[in-house]
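Below is coords.csv, which holds CSV, C-alpha atoms and all ligand atoms.
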chain,number,residue,atom,x,y,z
A,1,MET,CA,-11.7,30.0,-71.2
A,2,ALA,CA,-14.3,27.4,-71.9
A,3,ARG,CA,-11.8,24.6,-72.2
A,4,ASN,CA,-10.1,25.7,-68.9
A,5,SER,CA,-13.5,25.8,-67.1
A,6,SER,CA,-14.4,22.3,-68.1
A,7,TRP,CA,-10.9,21.0,-67.3
A,8,ALA,CA,-11.0,22.5,-63.8
A,9,GLU,CA,-14.4,20.9,-63.2
A,10,ARG,CA,-13.2,17.6,-64.5
A,11,MET,CA,-10.0,17.6,-62.4
A,12,HIS,CA,-11.9,18.6,-59.3
A,13,THR,CA,-14.5,15.8,-59.8
A,14,ALA,CA,-11.8,13.2,-60.3
A,15,ASN,CA,-9.5,14.5,-57.5
A,16,PRO,CA,-11.6,16.5,-55.0
A,17,ALA,CA,-8.6,17.3,-52.7
A,18,LEU,CA,-6.2,18.4,-55.5
A,19,PHE,CA,-6.8,22.1,-55.8
A,20,ALA,CA,-7.2,22.5,-52.0
A,21,ARG,CA,-3.8,20.8,-51.5
A,22,ASN,CA,-2.1,22.8,-54.3
A,23,ALA,CA,-3.4,26.0,-52.7
A,24,LYS,CA,-1.3,25.3,-49.7
A,25,GLY,CA,1.9,25.0,-51.7
A,26,GLN,CA,3.9,22.6,-53.8
A,27,ALA,CA,6.1,19.6,-52.9
A,28,PRO,CA,7.0,17.9,-56.2
A,29,HIS,CA,9.4,15.0,-56.3
A,30,VAL,CA,10.4,15.3,-59.9
A,31,LEU,CA,12.2,18.0,-61.9
A,32,TRP,CA,11.4,17.5,-65.6
A,33,ILE,CA,13.7,19.0,-68.2
A,34,GLY,CA,12.3,18.7,-71.7
A,35,CYS,CA,11.9,20.2,-75.1
A,36,SER,CA,9.4,23.0,-75.9
A,37,ASP,CA,8.0,20.9,-78.8
A,38,SER,CA,4.2,20.9,-78.7
A,39,ARG,CA,4.0,17.2,-79.0
A,40,VAL,CA,6.0,16.5,-75.8
A,41,GLY,CA,5.9,17.3,-72.2
A,42,GLU,CA,5.7,16.0,-68.6
A,43,PHE,CA,2.1,15.1,-69.2
A,44,CYS,CA,3.4,11.8,-70.6
A,45,ILE,CA,4.2,10.5,-67.1
A,46,ASP,CA,0.6,11.1,-66.1
A,47,LEU,CA,1.0,12.9,-62.8
A,48,LEU,CA,-1.3,15.5,-61.3
A,49,PRO,CA,-0.6,19.2,-61.0
A,50,GLY,CA,1.8,19.8,-58.1
A,51,SER,CA,3.9,16.6,-58.8
A,52,VAL,CA,6.4,17.8,-61.3
A,53,PHE,CA,8.6,20.9,-61.4
A,54,VAL,CA,9.3,21.7,-65.1
A,55,HIS,CA,11.9,23.4,-67.3
A,56,ARG,CA,11.5,23.2,-71.0
A,57,ASN,CA,13.4,24.9,-73.8
A,58,ILE,CA,14.3,24.2,-77.4
A,59,ALA,CA,16.1,20.8,-77.5
A,60,ASN,CA,16.2,20.4,-73.7
A,61,LEU,CA,19.6,22.0,-73.4
A,62,MET,CA,21.2,22.7,-70.0
A,63,PRO,CA,24.1,25.0,-70.9
A,64,TYR,CA,26.3,26.1,-68.0
A,65,GLY,CA,25.9,29.8,-68.7
A,66,ASP,CA,22.1,29.7,-68.9
A,67,LEU,CA,20.8,31.5,-65.8
A,68,SER,CA,17.2,30.3,-66.3
A,69,SER,CA,17.9,26.6,-66.3
A,70,LEU,CA,20.5,27.0,-63.5
A,71,SER,CA,18.0,28.8,-61.4
A,72,VAL,CA,15.4,26.1,-62.0
A,73,VAL,CA,17.9,23.4,-61.0
A,74,GLN,CA,19.0,25.2,-57.9
A,75,PHE,CA,15.5,25.9,-56.7
A,76,ALA,CA,14.3,22.4,-57.4
A,77,VAL,CA,17.2,20.7,-55.7
A,78,ASP,CA,17.9,23.1,-52.7
A,79,THR,CA,14.4,24.3,-51.9
A,80,LEU,CA,11.9,21.8,-53.2
A,81,LYS,CA,14.3,19.0,-52.6
A,82,VAL,CA,13.2,16.9,-55.6
A,83,ARG,CA,14.4,13.3,-55.6
A,84,HIS,CA,14.5,12.8,-59.3
A,85,ILE,CA,15.7,14.9,-62.2
A,86,VAL,CA,14.6,13.6,-65.6
A,87,VAL,CA,16.2,15.0,-68.8
A,88,CYS,CA,13.8,13.9,-71.5
A,89,GLY,CA,14.6,14.4,-75.2
A,90,HIS,CA,12.4,13.3,-77.9
A,91,TYR,CA,12.7,11.6,-81.3
A,92,ASP,CA,12.1,13.8,-84.4
A,93,CYS,CA,13.3,16.9,-82.4
A,94,GLY,CA,13.3,20.0,-84.7
A,95,GLY,CA,16.1,21.6,-82.7
A,96,ALA,CA,18.3,18.5,-83.2
A,97,ALA,CA,17.4,18.5,-86.9
A,98,ALA,CA,18.4,22.1,-87.2
A,99,ALA,CA,21.7,21.4,-85.4
A,100,LEU,CA,22.4,18.6,-87.9
A,101,GLY,CA,22.1,21.1,-90.7
A,102,ASN,CA,24.3,24.1,-91.5
A,103,LYS,CA,21.6,26.6,-92.4
A,104,SER,CA,21.9,30.0,-90.6
A,105,LEU,CA,19.0,30.5,-88.2
A,106,GLY,CA,19.8,33.8,-86.7
A,107,VAL,CA,19.6,34.1,-82.9
A,108,LEU,CA,18.7,30.4,-82.7
A,109,ASP,CA,22.2,29.5,-83.9
A,110,HIS,CA,23.6,30.7,-80.6
A,111,TRP,CA,21.3,28.4,-78.7
A,112,LEU,CA,21.8,25.5,-81.0
A,113,LYS,CA,25.6,25.8,-80.7
A,114,HIS,CA,25.4,23.7,-77.6
A,115,LEU,CA,23.8,20.9,-79.7
A,116,ARG,CA,26.2,21.4,-82.5
A,117,ASP,CA,29.0,20.8,-79.9
A,118,VAL,CA,27.4,17.4,-79.2
A,119,ARG,CA,27.2,16.8,-83.0
A,120,ALA,CA,30.9,17.7,-83.3
A,121,GLN,CA,32.0,15.5,-80.5
A,122,HIS,CA,30.3,12.5,-82.1
A,123,LYS,CA,31.0,13.4,-85.7
A,124,ASP,CA,32.3,10.0,-86.9
A,125,GLU,CA,29.5,8.0,-85.3
A,126,LEU,CA,26.8,10.3,-86.7
A,127,ALA,CA,28.4,10.4,-90.2
A,128,ALA,CA,28.4,6.5,-90.3
A,129,ILE,CA,24.6,6.4,-89.9
A,130,GLN,CA,23.2,6.4,-93.5
A,131,ASP,CA,19.5,6.9,-92.6
A,132,PRO,CA,18.8,10.6,-91.9
A,133,LYS,CA,16.0,9.8,-89.5
A,134,ALA,CA,18.2,7.4,-87.6
A,135,ARG,CA,21.0,9.9,-87.5
A,136,LEU,CA,18.7,12.6,-86.1
A,137,ASN,CA,17.4,10.3,-83.5
A,138,ARG,CA,20.9,9.2,-82.5
A,139,LEU,CA,21.8,12.9,-82.0
A,140,VAL,CA,18.7,13.2,-79.8
A,141,GLU,CA,20.0,10.4,-77.6
A,142,LEU,CA,23.6,11.7,-77.5
A,143,ASN,CA,22.2,15.1,-76.5
A,144,VAL,CA,20.3,13.6,-73.6
A,145,VAL,CA,23.5,12.0,-72.4
A,146,ALA,CA,25.4,15.3,-72.7
A,147,GLN,CA,22.7,17.2,-70.9
A,148,VAL,CA,22.5,14.6,-68.1
A,149,HIS,CA,26.3,15.1,-67.6
A,150,HIS,CA,25.8,18.9,-67.5
A,151,VAL,CA,23.1,18.6,-64.9
A,152,ARG,CA,25.2,16.2,-62.8
A,153,ARG,CA,28.0,18.8,-62.8
A,154,MET,CA,25.9,21.7,-61.6
A,155,ALA,CA,26.9,22.8,-58.1
A,156,PRO,CA,23.6,22.0,-56.3
A,157,VAL,CA,23.3,18.7,-58.0
A,158,VAL,CA,26.9,17.7,-57.2
A,159,GLU,CA,26.1,18.3,-53.5
A,160,ALA,CA,22.8,16.4,-53.7
A,161,LEU,CA,24.4,13.5,-55.4
A,162,LYS,CA,27.1,13.4,-52.8
A,163,GLN,CA,24.4,13.2,-50.1
A,164,GLY,CA,22.7,10.4,-52.0
A,165,ARG,CA,19.4,12.3,-52.1
A,166,ILE,CA,18.9,12.7,-55.8
A,167,ALA,CA,19.1,10.7,-59.1
A,168,VAL,CA,19.5,12.1,-62.6
A,169,TYR,CA,18.0,10.1,-65.5
A,170,GLY,CA,18.1,10.4,-69.2
A,171,MET,CA,15.0,9.5,-71.2
A,172,VAL,CA,13.7,9.8,-74.7
A,173,TYR,CA,10.1,10.3,-75.7
A,174,ASP,CA,8.8,8.7,-78.9
A,175,VAL,CA,6.4,11.1,-80.5
A,176,SER,CA,5.0,8.2,-82.7
A,177,SER,CA,4.0,6.0,-79.7
A,178,GLY,CA,3.7,8.2,-76.6
A,179,HIS,CA,6.2,6.0,-74.8
A,180,ILE,CA,9.4,7.0,-73.0
A,181,LYS,CA,12.5,4.9,-72.7
A,182,PRO,CA,15.6,5.2,-70.6
A,183,ILE,CA,18.9,6.2,-72.2
A,184,GLU,CA,21.9,4.7,-70.7
A,185,VAL,CA,24.3,7.4,-69.5
A,186,PRO,CA,27.9,6.3,-69.4
A,187,HIS,CA,29.9,6.9,-66.3
A,188,ASP,CA,31.3,10.5,-66.2
A,189,ASP,CA,35.1,10.1,-66.2
A,190,ASN,CA,35.4,13.7,-65.3
A,191,GLU,CA,33.0,13.5,-62.3
A,192,MET,CA,35.8,14.0,-59.7
A,193,ASP,CA,36.8,17.2,-61.4
A,194,TYR,CA,33.5,18.8,-60.4
A,195,LEU,CA,33.8,18.2,-56.7
A,196,VAL,CA,35.4,21.6,-56.2
A,197,TYR,CA,32.0,22.7,-55.1
A,198,SER,CA,32.1,20.3,-52.2
A,199,ASN,CA,32.8,21.3,-48.7
A,200,ASP,CA,33.8,17.8,-47.8
A,201,GLU,CA,37.3,17.1,-48.9
A,202,ASP,CA,37.2,13.5,-47.9
A,203,PHE,CA,34.4,12.7,-50.3
A,204,GLU,CA,35.2,9.8,-52.6
A,205,HIS,CA,33.0,8.3,-55.2
A,301,ZN,ZN,12.5,19.1,-79.6

Starting from the file, lay out its structure as structure tokens.
Ligand SMILES: [Zn+2]
Amino acid sequence: MARNSSWAERMHTANPALFARNAKGQAPHVLWIGCSDSRVGEFCIDLLPGSVFVHRNIANLMPYGDLSSLSVVQFAVDTLKVRHIVVCGHYDCGGAAAALGNKSLGVLDHWLKHLRDVRAQHKDELAAIQDPKARLNRLVELNVVAQVHHVRRMAPVVEALKQGRIAVYGMVYDVSSGHIKPIEVPHDDNEMDYLVYSNDEDFEH
């Protein structure tokens, strides 16, 4: 309570219009998808409350069957009309480390299966990396690429991409420096297969 009180006073002093503006509603431009890890979060892009709509879960996964993340994406894209979706993984991710191992983790195994799928898809590349830390961090990057593809294939995002009103980025946050860096996401060869959601049959990309 004491920390919250001093934070609210500090924020108000630095940004006198902030809370009055937020009391009227939100109009964020960014949807941030990140990991639940305590060391990471949208705070690293240094924006004020009201600027970023957020979804975080273990290992920043966006599985197709996950009602929570799908709802977040739909609301962010269709109602809030965010212009940017950032999928931000982070190096030294415990979820990715767990998915690289074969230890049974109970219910978490069901969640991490999505990450183990990414591991399986890139088995040879990962196996060729000798340094365990480098292997883990490569899986983190490959997972970001996979999740960006997932987001781009979600129905509301397919529509928004078609209309040219949204961009989806992959990023990785370095817990040892505080910096984020972009991850190159290869062109999705299957992109056209997801346009079944479109009402415009003439759309060509
Ligand atoms: Zn993590």

Practice item. Could you report the residues within 8 Å of ligand ZN 301 (chain A), using all atoms listed in the file, as a VMD selection string? Key: chain A and resid 34 to 37 40 58 to 60 89 to 96

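Computed from the coordinates, the CA of Gly65 in chain A to CA of Asp193 in chain A distance equals 18.2 Å.
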
Practice item. For Val52 in chain A, work out the shell of residues within 7 Å, counting only C-alpha atoms and skipping chain neighbours fewer than 5 positions away, then give it as a PyMOL selection string. Key: chain A and resi 28-32

Exercise for review: May I ask which of the residues A:Val82, A:Ala2, A:Leu70, A:Ala27 is the closest one to Pro49 in chain A, counting all atoms listed in the file?
Suggested key: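 For Pro49 in chain A, the nearest of the candidates is A:Ala27.
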
Practice item. Have a look at CA of Arg153 in chain A and CA of Glu184 in chain A and let me know their distance in Å, one decimal. Key: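 Calculated distance between CA of Arg153 in chain A and CA of Glu184 in chain A is 17.3 Å.
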
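Minimum atom-to-atom distance to Glu141 in chain A, evaluated using all atoms listed in the file, belongs to A:Cys88 out of A:Leu161, A:Cys88, A:Ile166, A:Val175.
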
Exercise for review: Tell me which of A:Lys103, A:Arg119, A:Lys81, A:Lys162 sits closest to Leu136 in chain A, counting all atoms listed in the file.
Suggested key: A:Arg119

**Study point:** Option closest in space to Leu126 in chain A, from A:Leu142, A:Val151, A:Leu112, A:Ile33 [counting all atoms listed in the file]
**Key:**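 Among A:Leu142, A:Val151, A:Leu112, A:Ile33, it is A:Leu142 that comes nearest to Leu126 in chain A.
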
Point to revise | Gap from CA of Ala128 in chain A to CA of Asp174 in chain A - Å, one decimal | key: 22.8 Å

Non-local contacts of Met62 in chain A (10 Å; only C-alpha atoms; under 2 positions in same chain excluded) as an mmCIF file with C-alpha atoms, in the coordinates of the input:
data_model
loop_
_atom_site.group_PDB
_atom_site.id
_atom_site.type_symbol
_atom_site.label_atom_id
_atom_site.label_comp_id
_atom_site.auth_asym_id
_atom_site.auth_seq_id
_atom_site.Cartn_x
_atom_site.Cartn_y
_atom_site.Cartn_z
ATOM 1 C CA ILE A 33 13.700 19.000 -68.200
ATOM 2 C CA GLY A 34 12.300 18.700 -71.700
ATOM 3 C CA HIS A 55 11.900 23.400 -67.300
ATOM 4 C CA ARG A 56 11.500 23.200 -71.000
ATOM 5 C CA ASN A 57 13.400 24.900 -73.800
ATOM 6 C CA ALA A 59 16.100 20.800 -77.500
ATOM 7 C CA ASN A 60 16.200 20.400 -73.700
ATOM 8 C CA TYR A 64 26.300 26.100 -68.000
ATOM 9 C CA GLY A 65 25.900 29.800 -68.700
ATOM 10 C CA ASP A 66 22.100 29.700 -68.900
ATOM 11 C CA LEU A 67 20.800 31.500 -65.800
ATOM 12 C CA SER A 68 17.200 30.300 -66.300
ATOM 13 C CA SER A 69 17.900 26.600 -66.300
ATOM 14 C CA LEU A 70 20.500 27.000 -63.500
ATOM 15 C CA VAL A 73 17.900 23.400 -61.000
ATOM 16 C CA VAL A 87 16.200 15.000 -68.800
ATOM 17 C CA HIS A 114 25.400 23.700 -77.600
ATOM 18 C CA VAL A 144 20.300 13.600 -73.600
ATOM 19 C CA ALA A 146 25.400 15.300 -72.700
ATOM 20 C CA GLN A 147 22.700 17.200 -70.900
ATOM 21 C CA VAL A 148 22.500 14.600 -68.100
ATOM 22 C CA HIS A 149 26.300 15.100 -67.600
ATOM 23 C CA HIS A 150 25.800 18.900 -67.500
ATOM 24 C CA VAL A 151 23.100 18.600 -64.900
ATOM 25 C CA MET A 154 25.900 21.700 -61.600
#
